[in-house]
Amino acid sequence: MRSFYLIPGKGTDIPEEAPEFYYRFTSRELSRGGGAVTGVHVRRVIPVRDRGTWRADIDEPSFGNVEIFSRFRTGGRTVYSQSGYMHFVLADGKRLAASEAGSGVVFPAGWPVLKLEHDGDGVFMARVRSGGQVFFRVDTAGRRSEPESAFFFEGGNAVRTAGSLGNGDFTWTPMVDRELEEAPNMLVKTAAVVVEIPGSDECVVMTMELGKSSGAGRNLWAGLALCLGAALLTGLCVKYGRRRFAYHDRY
């Protein structure tokens with residue numbers, strides 16, 4: 001089970017009414033990078049009041065992707081909030097069968113959804129790399145005008161404006177974060193995008209993980225040069241050492 005808490009930004013309050021909370025679970029074969037899709041279902045969770053805010057619990061019996069969608073009112077406006085994560089659980093056959101059998105919820109029509117460029121397989125993954133260009137858009141389900149502006153918050157840094165490509169498409173390049181580049185691979189920071197929906201008091205907010213520019217966190221060409229240099233040095237040492245091994249005198 002994993003629990004999520006509603007944490008408001010500066011100048012906003014915890015809503016008095018419980019947020020509307022859904023999640024879409026895409027179960028997968030357990031393998032590196034996510035295996036083949038084995039099933040998809042949507043559930044609605046009723047948040048509970050906890051520690052002065054709202055908490056929603058997600059309990060799925062297998063490995064897969066979780067896409068979270070919530071809707072609530074705060075500061076006189078409606079906020080559609082998104083996030084997602086990889087759900088690491090060893091599958092329990094009996095629990096999985098019972099879970100699939102009871103998943104008859106349908107995701108609400110007309111709910112605006114922000115989509116990253118790598119959502120081509122229909123699976124939401126909210127992780128981007130420092131310094132890497134990102135393309136995204138908001139699908140308004142055909143009931144509103146296309147958004148014209150988007151703003152990003154990166155690890156607590158100042159707001160940055162994403163570039164509009166027209167027709168609701170945007171591009172954004174996260175700033176290179178030296179702290180992330182020099183840290184272990186598992187360290188991530190939080191980034192958030194805020195997209196205003198024209199002609200309404202609504203906005204879409206998606207939080208995501210901001211990681212280092214590469215898995216190794218090092219310069220590729222410098223790494224290759226180091227490897228080749230080490231291999232050459234090792235070869236020379238072996239060649240020189242073989243001339244000095246005592247057993248050569250016996251043959």
# chains A, B, ... in the order shown; residues from 1 in each chain; ligands from 1
call {"tool": "residues_around", "arguments": {"residues": "Ser149 of chain A", "least_positions_apart": "4", "cutoff": "9 Å", "atoms": "only C-alpha atoms", "output": "ChimeraX atom specification"}}
result
/A:161-164,168,170,194-197
call {"tool": "residues_around", "arguments": {"residues": "Tyr80 of chain A", "least_positions_apart": "2", "cutoff": "8 Å", "atoms": "only C-alpha atoms", "output": "PyMOL selection string"}}
result
chain A and resi 69-72+78+82+112+202-205
call {"tool": "atom_distance", "arguments": {"atom1": "atom CA of Glu20 of chain A", "atom2": "atom CA of Ala192 of chain A"}}
result
20.0 Å
call {"tool": "residues_around", "arguments": {"residues": "segment 172-174 of chain A", "least_positions_apart": "4", "cutoff": "6 Å", "atoms": "only C-alpha atoms", "output": "ChimeraX atom specification"}}
result
/A:130-134,162
call {"tool": "write_last_selection", "arguments": {"atoms": "C-alpha atoms", "output": "mmCIF file, in the first residue's frame"}}
result
data_model
loop_
_atom_site.group_PDB
_atom_site.id
_atom_site.type_symbol
_atom_site.label_atom_id
_atom_site.label_comp_id
_atom_site.auth_asym_id
_atom_site.auth_seq_id
_atom_site.Cartn_x
_atom_site.Cartn_y
_atom_site.Cartn_z
ATOM 1 C CA SER A 130 17.968 17.631 -16.152
ATOM 2 C CA GLY A 131 18.915 19.547 -19.293
ATOM 3 C CA GLY A 132 16.794 17.336 -21.588
ATOM 4 C CA GLN A 133 14.079 18.832 -23.797
ATOM 5 C CA VAL A 134 10.531 17.701 -23.026
ATOM 6 C CA ALA A 162 7.434 26.733 -21.097
#
call {"tool": "closest_residue", "arguments": {"among": "A:Leu6, A:Val105, A:Leu116, A:Leu210", "to": "Val79 of chain A", "atoms": "only C-alpha atoms"}}
result
A:Leu6
